[in-house]
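Peer 1: What follows is target_25.pdb; its format and atoms are PDB, C-alpha atoms, pLDDT in the B column.
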ATOM      1  CA  MET A 219      21.064  13.599  36.515  1.00 65.00           C
ATOM      2  CA  LEU A 220      21.221  11.948  33.099  1.00 72.00           C
ATOM      3  CA  ASN A 221      22.418  13.774  30.005  1.00 83.00           C
ATOM      4  CA  TRP A 222      20.080  14.583  27.151  1.00 83.00           C
ATOM      5  CA  ASN A 223      21.199  11.572  25.091  1.00 86.00           C
ATOM      6  CA  GLU A 224      20.176   9.246  27.931  1.00 86.00           C
ATOM      7  CA  TYR A 225      16.716  10.835  28.150  1.00 91.00           C
ATOM      8  CA  LEU A 226      16.382  10.297  24.404  1.00 91.00           C
ATOM      9  CA  GLN A 227      17.537   6.711  24.940  1.00 88.00           C
ATOM     10  CA  LEU A 228      14.856   6.315  27.611  1.00 91.00           C
ATOM     11  CA  LEU A 229      12.202   7.596  25.188  1.00 94.00           C
ATOM     12  CA  VAL A 230      13.300   5.174  22.464  1.00 91.00           C
ATOM     13  CA  GLY A 231      13.692   2.289  24.901  1.00 91.00           C
ATOM     14  CA  LEU A 232      10.384   2.813  26.668  1.00 94.00           C
ATOM     15  CA  LEU A 233       8.566   3.284  23.374  1.00 93.00           C
ATOM     16  CA  SER A 234      10.164   0.088  22.076  1.00 91.00           C
ATOM     17  CA  VAL A 235       9.253  -2.027  25.091  1.00 92.00           C
ATOM     18  CA  VAL A 236       5.696  -0.634  25.268  1.00 94.00           C
ATOM     19  CA  ASN A 237       5.440  -1.064  21.472  1.00 91.00           C
ATOM     20  CA  PRO A 238       2.036   0.555  20.756  1.00 93.00           C
ATOM     21  CA  ILE A 239       2.248  -0.473  17.095  1.00 91.00           C
ATOM     22  CA  GLY A 240       2.663  -4.118  18.032  1.00 89.00           C
ATOM     23  CA  ILE A 241      -0.441  -4.060  20.235  1.00 90.00           C
ATOM     24  CA  ILE A 242      -2.720  -2.863  17.419  1.00 92.00           C
ATOM     25  CA  PRO A 243      -3.660  -6.343  16.089  1.00 89.00           C
ATOM     26  CA  THR A 244      -4.525  -7.504  19.612  1.00 88.00           C
ATOM     27  CA  PHE A 245      -6.524  -4.339  20.313  1.00 93.00           C
ATOM     28  CA  ILE A 246      -8.497  -4.746  17.077  1.00 92.00           C
ATOM     29  CA  SER A 247      -9.216  -8.429  17.707  1.00 87.00           C
ATOM     30  CA  LEU A 248     -10.395  -7.784  21.274  1.00 87.00           C
ATOM     31  CA  THR A 249     -12.636  -4.852  20.323  1.00 89.00           C
ATOM     32  CA  THR A 250     -13.883  -5.937  16.903  1.00 85.00           C
ATOM     33  CA  ASN A 251     -17.473  -6.535  18.084  1.00 83.00           C
ATOM     34  CA  ARG A 252     -17.675  -3.455  20.305  1.00 87.00           C
ATOM     35  CA  PRO A 253     -19.215  -0.072  19.347  1.00 91.00           C
ATOM     36  CA  PRO A 254     -16.892   2.834  18.400  1.00 92.00           C
ATOM     37  CA  GLU A 255     -17.673   4.718  21.622  1.00 93.00           C
ATOM     38  CA  GLU A 256     -16.590   1.737  23.726  1.00 92.00           C
ATOM     39  CA  ARG A 257     -13.393   1.268  21.681  1.00 94.00           C
ATOM     40  CA  ARG A 258     -12.564   4.951  22.193  1.00 96.00           C
ATOM     41  CA  HIS A 259     -13.228   4.693  25.920  1.00 94.00           C
ATOM     42  CA  THR A 260     -11.074   1.556  26.104  1.00 94.00           C
ATOM     43  CA  ALA A 261      -8.195   3.357  24.361  1.00 96.00           C
ATOM     44  CA  ILE A 262      -8.378   6.341  26.750  1.00 96.00           C
ATOM     45  CA  VAL A 263      -8.542   4.204  29.900  1.00 95.00           C
ATOM     46  CA  CYS A 264      -5.722   1.988  28.619  1.00 96.00           C
ATOM     47  CA  ALA A 265      -3.392   4.933  27.893  1.00 97.00           C
ATOM     48  CA  PHE A 266      -4.200   6.506  31.278  1.00 97.00           C
ATOM     49  CA  SER A 267      -3.492   3.193  33.032  1.00 96.00           C
ATOM     50  CA  VAL A 268      -0.140   2.863  31.240  1.00 97.00           C
ATOM     51  CA  ALA A 269       0.805   6.350  32.443  1.00 97.00           C
ATOM     52  CA  MET A 270      -0.221   5.555  36.028  1.00 97.00           C
ATOM     53  CA  VAL A 271       1.727   2.285  36.160  1.00 96.00           C
ATOM     54  CA  LEU A 272       4.889   3.924  34.837  1.00 97.00           C
ATOM     55  CA  PHE A 273       4.536   6.981  37.092  1.00 96.00           C
ATOM     56  CA  ILE A 274       4.174   4.694  40.111  1.00 96.00           C
ATOM     57  CA  SER A 275       7.286   2.828  38.954  1.00 95.00           C
ATOM     58  CA  LEU A 276       9.128   6.139  38.663  1.00 94.00           C
ATOM     59  CA  LEU A 277       8.208   7.335  42.148  1.00 93.00           C
ATOM     60  CA  ALA A 278       7.982   4.114  44.155  1.00 93.00           C
ATOM     61  CA  GLY A 279      10.097   1.606  42.238  1.00 90.00           C
ATOM     62  CA  GLU A 280      13.406   2.179  44.006  1.00 85.00           C
ATOM     63  CA  PRO A 281      11.915   2.355  47.548  1.00 89.00           C
ATOM     64  CA  ILE A 282      10.180  -0.973  46.866  1.00 90.00           C
ATOM     65  CA  LEU A 283      13.525  -2.492  45.837  1.00 90.00           C
ATOM     66  CA  HIS A 284      15.102  -1.223  49.061  1.00 88.00           C
ATOM     67  CA  PHE A 285      12.198  -2.623  51.080  1.00 88.00           C
ATOM     68  CA  PHE A 286      12.855  -6.111  49.690  1.00 89.00           C
ATOM     69  CA  GLY A 287      16.631  -5.701  49.980  1.00 90.00           C
ATOM     70  CA  ILE A 288      17.233  -5.812  46.238  1.00 89.00           C
ATOM     71  CA  GLY A 289      20.205  -3.787  45.034  1.00 90.00           C
ATOM     72  CA  LEU A 290      19.910  -1.722  41.872  1.00 88.00           C
ATOM     73  CA  PRO A 291      22.913  -3.436  40.173  1.00 90.00           C
ATOM     74  CA  ALA A 292      21.226  -6.840  40.536  1.00 91.00           C
ATOM     75  CA  PHE A 293      17.963  -5.328  39.307  1.00 93.00           C
ATOM     76  CA  ARG A 294      19.789  -3.864  36.288  1.00 92.00           C
ATOM     77  CA  VAL A 295      21.031  -7.333  35.323  1.00 93.00           C
ATOM     78  CA  SER A 296      17.693  -9.094  35.862  1.00 93.00           C
ATOM     79  CA  GLY A 297      15.780  -6.265  34.165  1.00 92.00           C
ATOM     80  CA  GLY A 298      18.273  -6.290  31.301  1.00 92.00           C
ATOM     81  CA  LEU A 299      17.794 -10.020  30.803  1.00 94.00           C
ATOM     82  CA  LEU A 300      14.019  -9.580  30.760  1.00 91.00           C
ATOM     83  CA  VAL A 301      14.227  -6.685  28.288  1.00 91.00           C
ATOM     84  CA  MET A 302      16.650  -8.697  26.132  1.00 91.00           C
ATOM     85  CA  MET A 303      14.202 -11.616  26.005  1.00 90.00           C
ATOM     86  CA  MET A 304      11.502  -9.218  24.828  1.00 88.00           C
ATOM     87  CA  GLY A 305      13.843  -7.646  22.276  1.00 89.00           C
ATOM     88  CA  ILE A 306      14.889 -11.009  20.830  1.00 90.00           C
ATOM     89  CA  SER A 307      11.248 -12.070  20.637  1.00 87.00           C
ATOM     90  CA  MET A 308      10.394  -8.797  18.859  1.00 87.00           C
ATOM     91  CA  LEU A 309      13.201  -9.389  16.341  1.00 87.00           C
ATOM     92  CA  SER A 310      11.266 -12.447  15.205  1.00 82.00           C
ATOM     93  CA  ALA A 311       8.042 -10.353  15.267  1.00 69.00           C
ATOM     94  CA  ASN A 312       6.647 -12.747  17.843  1.00 67.00           C
ATOM     95  CA  ASN A 313       6.519 -10.862  21.142  1.00 57.00           C
ATOM     96  CA  ASP A 314       2.934 -11.719  22.026  1.00 56.00           C
ATOM     97  CA  ASN A 315       3.519 -14.869  24.066  1.00 54.00           C
ATOM     98  CA  ILE A 316       6.229 -13.277  26.192  1.00 54.00           C
ATOM     99  CA  ARG A 317       3.762 -10.564  27.228  1.00 56.00           C
ATOM    100  CA  HIS A 318       0.898 -12.897  28.034  1.00 55.00           C
ATOM    101  CA  THR A 319       0.006 -16.563  27.576  1.00 57.00           C
ATOM    102  CA  PRO A 320      -2.511 -17.909  25.042  1.00 58.00           C
ATOM    103  CA  GLU A 321      -4.768 -18.812  27.993  1.00 54.00           C
ATOM    104  CA  GLU A 322      -4.747 -15.199  29.194  1.00 53.00           C
ATOM    105  CA  LYS A 323      -5.505 -13.980  25.684  1.00 53.00           C
ATOM    106  CA  ALA A 324      -8.461 -16.372  25.359  1.00 53.00           C
ATOM    107  CA  GLU A 325      -9.798 -15.278  28.754  1.00 54.00           C
ATOM    108  CA  SER A 326      -9.593 -11.601  27.751  1.00 51.00           C
ATOM    109  CA  TYR A 327     -12.250 -12.125  25.065  1.00 49.00           C
ATOM    110  CA  GLU A 328     -14.742 -12.839  27.854  1.00 47.00           C
ATOM    111  CA  LYS A 329     -13.978  -9.690  29.867  1.00 55.00           C
ATOM    112  CA  ASP A 330     -16.380  -6.762  29.860  1.00 53.00           C
ATOM    113  CA  SER A 331     -13.494  -4.303  30.209  1.00 73.00           C
ATOM    114  CA  ILE A 332     -10.085  -5.029  28.690  1.00 86.00           C
ATOM    115  CA  ALA A 333      -8.543  -1.556  29.021  1.00 90.00           C
ATOM    116  CA  ILE A 334      -6.570  -2.227  32.216  1.00 91.00           C
ATOM    117  CA  VAL A 335      -6.204  -6.012  31.997  1.00 86.00           C
ATOM    118  CA  PRO A 336      -4.825  -7.282  29.688  1.00 85.00           C
ATOM    119  CA  LEU A 337      -4.101  -4.231  27.478  1.00 91.00           C
ATOM    120  CA  ALA A 338      -2.418  -1.848  29.942  1.00 93.00           C
ATOM    121  CA  ILE A 339      -1.149  -4.648  32.196  1.00 90.00           C
ATOM    122  CA  PRO A 340       0.705  -6.749  31.130  1.00 84.00           C
ATOM    123  CA  LEU A 341       0.663  -6.099  27.375  1.00 89.00           C
ATOM    124  CA  LEU A 342       1.838  -2.461  27.360  1.00 93.00           C
ATOM    125  CA  SER A 343       3.169  -1.547  30.802  1.00 93.00           C
ATOM    126  CA  GLY A 344       4.418  -4.968  31.802  1.00 90.00           C
ATOM    127  CA  PRO A 345       7.600  -6.039  33.633  1.00 90.00           C
ATOM    128  CA  GLY A 346       9.862  -4.815  30.827  1.00 91.00           C
ATOM    129  CA  ALA A 347       8.468  -1.268  30.853  1.00 94.00           C
ATOM    130  CA  ILE A 348       8.460  -1.174  34.663  1.00 94.00           C
ATOM    131  CA  SER A 349      12.081  -2.371  34.822  1.00 93.00           C
ATOM    132  CA  THR A 350      13.187   0.189  32.240  1.00 93.00           C
ATOM    133  CA  THR A 351      11.501   3.026  34.147  1.00 94.00           C
ATOM    134  CA  ILE A 352      12.993   2.035  37.510  1.00 93.00           C
ATOM    135  CA  VAL A 353      16.516   1.728  36.108  1.00 91.00           C
ATOM    136  CA  TYR A 354      16.401   5.152  34.456  1.00 91.00           C
ATOM    137  CA  ALA A 355      14.694   6.727  37.478  1.00 90.00           C
ATOM    138  CA  HIS A 356      17.833   5.946  39.485  1.00 85.00           C
ATOM    139  CA  GLY A 357      19.847   8.242  37.195  1.00 83.00           C
ATOM    140  CA  GLY A 358      19.151  11.293  39.368  1.00 83.00           C
ATOM    141  CA  GLN A 359      17.338  12.589  42.430  1.00 83.00           C
ATOM    142  CA  SER A 360      16.609  16.159  41.377  1.00 89.00           C
ATOM    143  CA  LEU A 361      13.137  17.486  40.636  1.00 90.00           C
ATOM    144  CA  GLU A 362      14.234  18.328  37.099  1.00 92.00           C
ATOM    145  CA  HIS A 363      15.274  14.713  36.519  1.00 92.00           C
ATOM    146  CA  PHE A 364      11.909  13.336  37.680  1.00 93.00           C
ATOM    147  CA  LEU A 365      10.066  15.920  35.579  1.00 93.00           C
ATOM    148  CA  LEU A 366      12.034  14.935  32.478  1.00 94.00           C
ATOM    149  CA  VAL A 367      11.461  11.204  33.032  1.00 94.00           C
ATOM    150  CA  GLY A 368       7.802  11.985  33.724  1.00 96.00           C
ATOM    151  CA  SER A 369       7.636  13.901  30.438  1.00 96.00           C
ATOM    152  CA  VAL A 370       8.992  10.842  28.637  1.00 96.00           C
ATOM    153  CA  ILE A 371       6.339   8.653  30.289  1.00 97.00           C
ATOM    154  CA  LEU A 372       3.623  11.138  29.361  1.00 97.00           C
ATOM    155  CA  SER A 373       4.856  11.252  25.749  1.00 97.00           C
ATOM    156  CA  VAL A 374       4.804   7.468  25.469  1.00 97.00           C
ATOM    157  CA  SER A 375       1.283   7.347  26.946  1.00 97.00           C
ATOM    158  CA  VAL A 376       0.052   9.939  24.433  1.00 97.00           C
ATOM    159  CA  LEU A 377       1.550   7.880  21.598  1.00 97.00           C
ATOM    160  CA  VAL A 378      -0.213   4.791  22.971  1.00 97.00           C
ATOM    161  CA  LEU A 379      -3.511   6.684  22.953  1.00 97.00           C
ATOM    162  CA  ALA A 380      -2.941   7.930  19.401  1.00 97.00           C
ATOM    163  CA  ALA A 381      -2.037   4.437  18.172  1.00 96.00           C
ATOM    164  CA  LEU A 382      -5.115   2.822  19.736  1.00 96.00           C
ATOM    165  CA  LEU A 383      -7.512   5.523  18.530  1.00 96.00           C
ATOM    166  CA  ALA A 384      -6.156   5.204  14.988  1.00 96.00           C
ATOM    167  CA  ALA A 385      -5.652   1.414  15.173  1.00 95.00           C
ATOM    168  CA  PRO A 386      -7.871   0.437  12.192  1.00 93.00           C
ATOM    169  CA  LYS A 387      -6.342   3.117   9.940  1.00 95.00           C
ATOM    170  CA  ILE A 388      -2.783   2.202  10.968  1.00 94.00           C
ATOM    171  CA  ALA A 389      -3.492  -1.495  10.395  1.00 93.00           C
ATOM    172  CA  ASP A 390      -4.905  -0.797   6.924  1.00 93.00           C
ATOM    173  CA  ALA A 391      -2.054   1.537   5.960  1.00 93.00           C
ATOM    174  CA  MET A 392       0.857  -0.551   7.264  1.00 92.00           C
ATOM    175  CA  GLY A 393      -0.521  -4.036   6.900  1.00 90.00           C
ATOM    176  CA  HIS A 394       0.762  -7.011   8.852  1.00 85.00           C
ATOM    177  CA  THR A 395       4.190  -6.867   7.192  1.00 88.00           C
ATOM    178  CA  GLY A 396       4.671  -3.179   7.922  1.00 91.00           C
ATOM    179  CA  MET A 397       3.845  -3.605  11.609  1.00 88.00           C
ATOM    180  CA  ASN A 398       6.230  -6.553  11.816  1.00 87.00           C
ATOM    181  CA  VAL A 399       9.008  -4.404  10.356  1.00 89.00           C
ATOM    182  CA  VAL A 400       8.412  -1.711  12.992  1.00 88.00           C
ATOM    183  CA  THR A 401       8.361  -4.367  15.721  1.00 87.00           C
ATOM    184  CA  ARG A 402      11.688  -5.801  14.532  1.00 89.00           C
ATOM    185  CA  VAL A 403      13.341  -2.361  14.471  1.00 89.00           C
ATOM    186  CA  MET A 404      12.085  -1.659  18.001  1.00 90.00           C
ATOM    187  CA  GLY A 405      13.362  -5.085  19.048  1.00 89.00           C
ATOM    188  CA  LEU A 406      16.840  -4.167  17.786  1.00 91.00           C
ATOM    189  CA  PHE A 407      16.858  -0.949  19.839  1.00 89.00           C
ATOM    190  CA  LEU A 408      15.533  -2.830  22.840  1.00 89.00           C
ATOM    191  CA  THR A 409      18.200  -5.548  22.658  1.00 92.00           C
ATOM    192  CA  SER A 410      20.956  -2.925  22.476  1.00 91.00           C
ATOM    193  CA  ILE A 411      19.600  -1.119  25.542  1.00 90.00           C
ATOM    194  CA  ALA A 412      19.325  -4.440  27.397  1.00 92.00           C
ATOM    195  CA  VAL A 413      23.023  -5.122  26.759  1.00 92.00           C
ATOM    196  CA  GLU A 414      23.866  -1.750  28.345  1.00 90.00           C
ATOM    197  CA  PHE A 415      21.676  -2.561  31.362  1.00 91.00           C
ATOM    198  CA  ILE A 416      23.430  -5.899  31.872  1.00 93.00           C
ATOM    199  CA  ALA A 417      26.934  -4.538  31.295  1.00 90.00           C
ATOM    200  CA  LYS A 418      26.460  -1.663  33.728  1.00 90.00           C
ATOM    201  CA  GLY A 419      24.867  -3.924  36.335  1.00 91.00           C
ATOM    202  CA  LEU A 420      27.677  -6.477  36.110  1.00 91.00           C
ATOM    203  CA  GLY A 421      30.237  -3.664  36.331  1.00 89.00           C
ATOM    204  CA  GLU A 422      28.620  -2.456  39.579  1.00 88.00           C
ATOM    205  CA  LEU A 423      28.327  -5.976  41.000  1.00 88.00           C
ATOM    206  CA  PHE A 424      31.859  -6.975  40.023  1.00 85.00           C
ATOM    207  CA  PRO A 425      34.090  -3.873  39.877  1.00 82.00           C
ATOM    208  CA  VAL A 426      37.066  -6.050  38.971  1.00 71.00           C
ATOM    209  CA  LEU A 427      35.469  -6.560  35.551  1.00 64.00           C
ATOM    210  CA  VAL A 428      35.755  -2.834  34.887  1.00 62.00           C
ATOM    211  CA  LYS A 429      39.496  -3.012  35.581  1.00 61.00           C
ATOM    212  CA  ILE A 430      39.932  -6.003  33.292  1.00 62.00           C
ATOM    213  CA  PHE A 431      37.660  -4.675  30.532  1.00 54.00           C
ATOM    214  CA  PRO A 432      37.807  -0.868  30.816  1.00 56.00           C
TER     215      PRO A 432
END
Please, can you express the file's structure as structure tokens?

Peer 2:
Amino acid sequence: MLNWNEYLQLLVGLLSVVNPIGIIPTFISLTTNRPPEERRHTAIVCAFSVAMVLFISLLAGEPILHFFGIGLPAFRVSGGLLVMMMGISMLSANNDNIRHTPEEKAESYEKDSIAIVPLAIPLLSGPGAISTTIVYAHGGQSLEHFLLVGSVILSVSVLVLAALLAAPKIADAMGHTGMNVVTRVMGLFLTSIAVEFIAKGLGELFPVLVKIFP
């Protein structure tokens, strides 16, 4: 089981990689011509979908890795590299293209429902969030551990819902510059967590490194 600091690290890391503040401009642009009731419904379905994706990752992520013969140390390194790419992109306040391509964004304007695709997947609960959840899920096998990680996922999903429901007010209050500042700070946290993922994964793959660099 993880210690309390690591659960707090999971909350910060998962919130950073999901980045509900950073999705606000995209959410507003995709729903600008839709009635308030539909925007509210989209926000609720999106937050629920984020929770479901992350809960599935929590419960089934590691068995899926075992099914494909992928070891957790290797997954830590690959997941860490992916999270680091997202963090570096966020440091330049330009994490949109790493989440989805311009072609996917253009296609989303034509969709009747955008709550699940592209908002929940891949913009919010994409590969980075899934990787982060699976890595931290491996930190324990007790019921208490899974309940605590589940509580973190639920908290992040509630924050996503709050951010989307209040998107116009947040955008007006923070402005483009303010949201970029928040994105850069989250990118810094995310990059630091990615370094820990990679270091721990390499240490498990190559134990001799731990002896050389204790």

Peer 1: Using the chain letters and numbers from the file, give me the residues hit by the PyMOL selection byres ((chain A and resi 338) around 9), as a ChimeraX atom specification.

Peer 2: /A:263-268,271,332-337,339-344

Peer 1: Spell out the residues picked by the PyMOL selection byres ((chain A and resi 359-365) around 12) here, as a ChimeraX atom specification.

Peer 2: /A:219-222,224-225,273-278,280,351-352,354-358,366-372

Peer 1: Would you output that residue set with C-alpha atoms, as a PDB file, in the frame of the given file?

Peer 2:
ATOM      1  CA  MET A 219      21.064  13.599  36.515  1.00 65.00           C
ATOM      2  CA  LEU A 220      21.221  11.948  33.099  1.00 72.00           C
ATOM      3  CA  ASN A 221      22.418  13.774  30.005  1.00 83.00           C
ATOM      4  CA  TRP A 222      20.080  14.583  27.151  1.00 83.00           C
ATOM      5  CA  GLU A 224      20.176   9.246  27.931  1.00 86.00           C
ATOM      6  CA  TYR A 225      16.716  10.835  28.150  1.00 91.00           C
ATOM      7  CA  PHE A 273       4.536   6.981  37.092  1.00 96.00           C
ATOM      8  CA  ILE A 274       4.174   4.694  40.111  1.00 96.00           C
ATOM      9  CA  SER A 275       7.286   2.828  38.954  1.00 95.00           C
ATOM     10  CA  LEU A 276       9.128   6.139  38.663  1.00 94.00           C
ATOM     11  CA  LEU A 277       8.208   7.335  42.148  1.00 93.00           C
ATOM     12  CA  ALA A 278       7.982   4.114  44.155  1.00 93.00           C
ATOM     13  CA  GLU A 280      13.406   2.179  44.006  1.00 85.00           C
ATOM     14  CA  THR A 351      11.501   3.026  34.147  1.00 94.00           C
ATOM     15  CA  ILE A 352      12.993   2.035  37.510  1.00 93.00           C
ATOM     16  CA  TYR A 354      16.401   5.152  34.456  1.00 91.00           C
ATOM     17  CA  ALA A 355      14.694   6.727  37.478  1.00 90.00           C
ATOM     18  CA  HIS A 356      17.833   5.946  39.485  1.00 85.00           C
ATOM     19  CA  GLY A 357      19.847   8.242  37.195  1.00 83.00           C
ATOM     20  CA  GLY A 358      19.151  11.293  39.368  1.00 83.00           C
ATOM     21  CA  LEU A 366      12.034  14.935  32.478  1.00 94.00           C
ATOM     22  CA  VAL A 367      11.461  11.204  33.032  1.00 94.00           C
ATOM     23  CA  GLY A 368       7.802  11.985  33.724  1.00 96.00           C
ATOM     24  CA  SER A 369       7.636  13.901  30.438  1.00 96.00           C
ATOM     25  CA  VAL A 370       8.992  10.842  28.637  1.00 96.00           C
ATOM     26  CA  ILE A 371       6.339   8.653  30.289  1.00 97.00           C
ATOM     27  CA  LEU A 372       3.623  11.138  29.361  1.00 97.00           C
TER      28      LEU A 372
END

Peer 1: Go through the shown structure with the PyMOL selection byres ((chain A and resi 302) around 8) and write out the matching residues as an mmCIF file with C-alpha atoms, keeping the file's coordinate frame.

Peer 2:
data_model
loop_
_atom_site.group_PDB
_atom_site.id
_atom_site.type_symbol
_atom_site.label_atom_id
_atom_site.label_comp_id
_atom_site.auth_asym_id
_atom_site.auth_seq_id
_atom_site.Cartn_x
_atom_site.Cartn_y
_atom_site.Cartn_z
ATOM 1 C CA GLY A 298 18.273 -6.290 31.301
ATOM 2 C CA LEU A 299 17.794 -10.020 30.803
ATOM 3 C CA LEU A 300 14.019 -9.580 30.760
ATOM 4 C CA VAL A 301 14.227 -6.685 28.288
ATOM 5 C CA MET A 303 14.202 -11.616 26.005
ATOM 6 C CA MET A 304 11.502 -9.218 24.828
ATOM 7 C CA GLY A 305 13.843 -7.646 22.276
ATOM 8 C CA ILE A 306 14.889 -11.009 20.830
ATOM 9 C CA LEU A 408 15.533 -2.830 22.840
ATOM 10 C CA THR A 409 18.200 -5.548 22.658
ATOM 11 C CA ALA A 412 19.325 -4.440 27.397
ATOM 12 C CA VAL A 413 23.023 -5.122 26.759
#

Peer 1: Pick the closest to Ile242 in chain A from A:Ile411, A:Leu420, A:Met397, A:Val403: which is it, counting only C-alpha atoms?

Peer 2: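 Residue with the minimum atom-to-atom distance to Ile242 in chain A: A:Met397.
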
Peer 1: Please report the interatomic distance between CA of Arg257 in chain A and CA of Ile388 in chain A in Å with one decimal.

Peer 2: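 CA of Ile388 in chain A lies 15.1 Å from CA of Arg257 in chain A.
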
Peer 1: Let me make sure I understand: among A:Arg402, A:Arg252, A:His259, A:Lys418, which one has the smallest atom-to-atom distance to Ala292 in chain A if we use all atoms listed in the file?

Peer 2: A:Lys418

Peer 1: Mind pulling up the distance from CA of Ala269 in chain A to CA of Pro386 in chain A?

Peer 2: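 A separation of 22.8 Å between them.
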
Peer 1: Have a look at A:Gly289, A:Gly421, A:Gly240, A:Gly279 and name the one nearest to Thr395 in chain A; count only C-alpha atoms.

Peer 2: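 Checking each of A:Gly289, A:Gly421, A:Gly240, A:Gly279 against Thr395 in chain A, counting only C-alpha atoms, the winner is A:Gly240.
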
Peer 1: Which residues are near Gly297 in chain A? Cut-off 9 Å, all atoms listed in the file, ignore same chain within fewer than 6 positions. Put them as a list of chain:residue names.

Peer 2: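 Here the qualifying residues turn out to be A:Pro345, A:Gly346, A:Ile348, A:Ser349, A:Thr350, A:Val353, A:Ala412, A:Phe415, A:Ile416.
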
Peer 1: For the atom pair CA of Ala261 in chain A and CA of Val378 in chain A, what is the interatomic distance in Å to one decimal place?

Peer 2: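 So the answer is 8.2 Å.
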
Peer 1: Dump as a ChimeraX atom specification all residues having an atom at most 10 Å from (-7.3, -6.0, 14.3), computed in the file's coordinates with all atoms listed in the file.

Peer 2: /A:241-250,385-386,388-390,394

Peer 1: Taking C-alpha atoms for each residue, export the selection above as an mmCIF file, keeping the file's coordinate frame.

Peer 2:
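Contents of part26.cif, freshly written:
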data_model
loop_
_atom_site.group_PDB
_atom_site.id
_atom_site.type_symbol
_atom_site.label_atom_id
_atom_site.label_comp_id
_atom_site.auth_asym_id
_atom_site.auth_seq_id
_atom_site.Cartn_x
_atom_site.Cartn_y
_atom_site.Cartn_z
ATOM 1 C CA ILE A 241 -0.441 -4.060 20.235
ATOM 2 C CA ILE A 242 -2.720 -2.863 17.419
ATOM 3 C CA PRO A 243 -3.660 -6.343 16.089
ATOM 4 C CA THR A 244 -4.525 -7.504 19.612
ATOM 5 C CA PHE A 245 -6.524 -4.339 20.313
ATOM 6 C CA ILE A 246 -8.497 -4.746 17.077
ATOM 7 C CA SER A 247 -9.216 -8.429 17.707
ATOM 8 C CA LEU A 248 -10.395 -7.784 21.274
ATOM 9 C CA THR A 249 -12.636 -4.852 20.323
ATOM 10 C CA THR A 250 -13.883 -5.937 16.903
ATOM 11 C CA ALA A 385 -5.652 1.414 15.173
ATOM 12 C CA PRO A 386 -7.871 0.437 12.192
ATOM 13 C CA ILE A 388 -2.783 2.202 10.968
ATOM 14 C CA ALA A 389 -3.492 -1.495 10.395
ATOM 15 C CA ASP A 390 -4.905 -0.797 6.924
ATOM 16 C CA HIS A 394 0.762 -7.011 8.852
#

Peer 1: Which one is closest to Ala381 in chain A: A:Val236, A:Met308, A:Met404, A:Leu229? Count all atoms listed in the file.

Peer 2: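 That would be A:Val236, the residue with the smallest distance to Ala381 in chain A.
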
Peer 1: Counting all atoms listed in the file, figure out which residue out of A:Leu309, A:Leu290, A:Asn237, A:Met270 gets nearest to Ser410 in chain A.

Peer 2: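 For Ser410 in chain A, the nearest of the candidates is A:Leu309.
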
Peer 1: Restricting the calculation to only C-alpha atoms, which member of A:Ile288, A:Leu283, A:Leu382, A:Ala347 is positioned closest to Ile262 in chain A?

Peer 2: A:Leu382

Peer 1: Starting from the incomplete input, reconstruct N, CA, C and O atoms of range 284-292 of chain A and write that as an mmCIF file, keeping the file's coordinate frame.

Peer 2:
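This went into rebuild-v5.cif:
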data_model
loop_
_atom_site.group_PDB
_atom_site.id
_atom_site.type_symbol
_atom_site.label_atom_id
_atom_site.label_comp_id
_atom_site.auth_asym_id
_atom_site.auth_seq_id
_atom_site.Cartn_x
_atom_site.Cartn_y
_atom_site.Cartn_z
ATOM 1 N N HIS A 284 14.420 -1.303 47.773
ATOM 2 C CA HIS A 284 15.102 -1.223 49.061
ATOM 3 C C HIS A 284 14.337 -1.985 50.134
ATOM 4 O O HIS A 284 14.946 -2.630 51.004
ATOM 5 N N PHE A 285 13.019 -1.928 50.087
ATOM 6 C CA PHE A 285 12.198 -2.623 51.080
ATOM 7 C C PHE A 285 12.452 -4.127 51.044
ATOM 8 O O PHE A 285 12.512 -4.794 52.076
ATOM 9 N N PHE A 286 12.608 -4.673 49.841
ATOM 10 C CA PHE A 286 12.855 -6.111 49.690
ATOM 11 C C PHE A 286 14.347 -6.447 49.698
ATOM 12 O O PHE A 286 14.720 -7.610 49.491
ATOM 13 N N GLY A 287 15.195 -5.446 49.902
ATOM 14 C CA GLY A 287 16.631 -5.701 49.980
ATOM 15 C C GLY A 287 17.268 -6.038 48.657
ATOM 16 O O GLY A 287 18.281 -6.749 48.611
ATOM 17 N N ILE A 288 16.696 -5.536 47.571
ATOM 18 C CA ILE A 288 17.233 -5.812 46.238
ATOM 19 C C ILE A 288 18.076 -4.615 45.802
ATOM 20 O O ILE A 288 17.589 -3.483 45.769
ATOM 21 N N GLY A 289 19.331 -4.855 45.486
ATOM 22 C CA GLY A 289 20.205 -3.787 45.034
ATOM 23 C C GLY A 289 19.925 -3.419 43.587
ATOM 24 O O GLY A 289 19.517 -4.273 42.780
ATOM 25 N N LEU A 290 20.159 -2.159 43.242
ATOM 26 C CA LEU A 290 19.910 -1.722 41.872
ATOM 27 C C LEU A 290 20.798 -2.429 40.852
ATOM 28 O O LEU A 290 20.330 -2.758 39.763
ATOM 29 N N PRO A 291 22.094 -2.700 41.155
ATOM 30 C CA PRO A 291 22.913 -3.436 40.173
ATOM 31 C C PRO A 291 22.311 -4.791 39.800
ATOM 32 O O PRO A 291 22.275 -5.164 38.627
ATOM 33 N N ALA A 292 21.848 -5.539 40.823
ATOM 34 C CA ALA A 292 21.226 -6.840 40.536
ATOM 35 C C ALA A 292 19.952 -6.657 39.725
ATOM 36 O O ALA A 292 19.652 -7.449 38.819
#
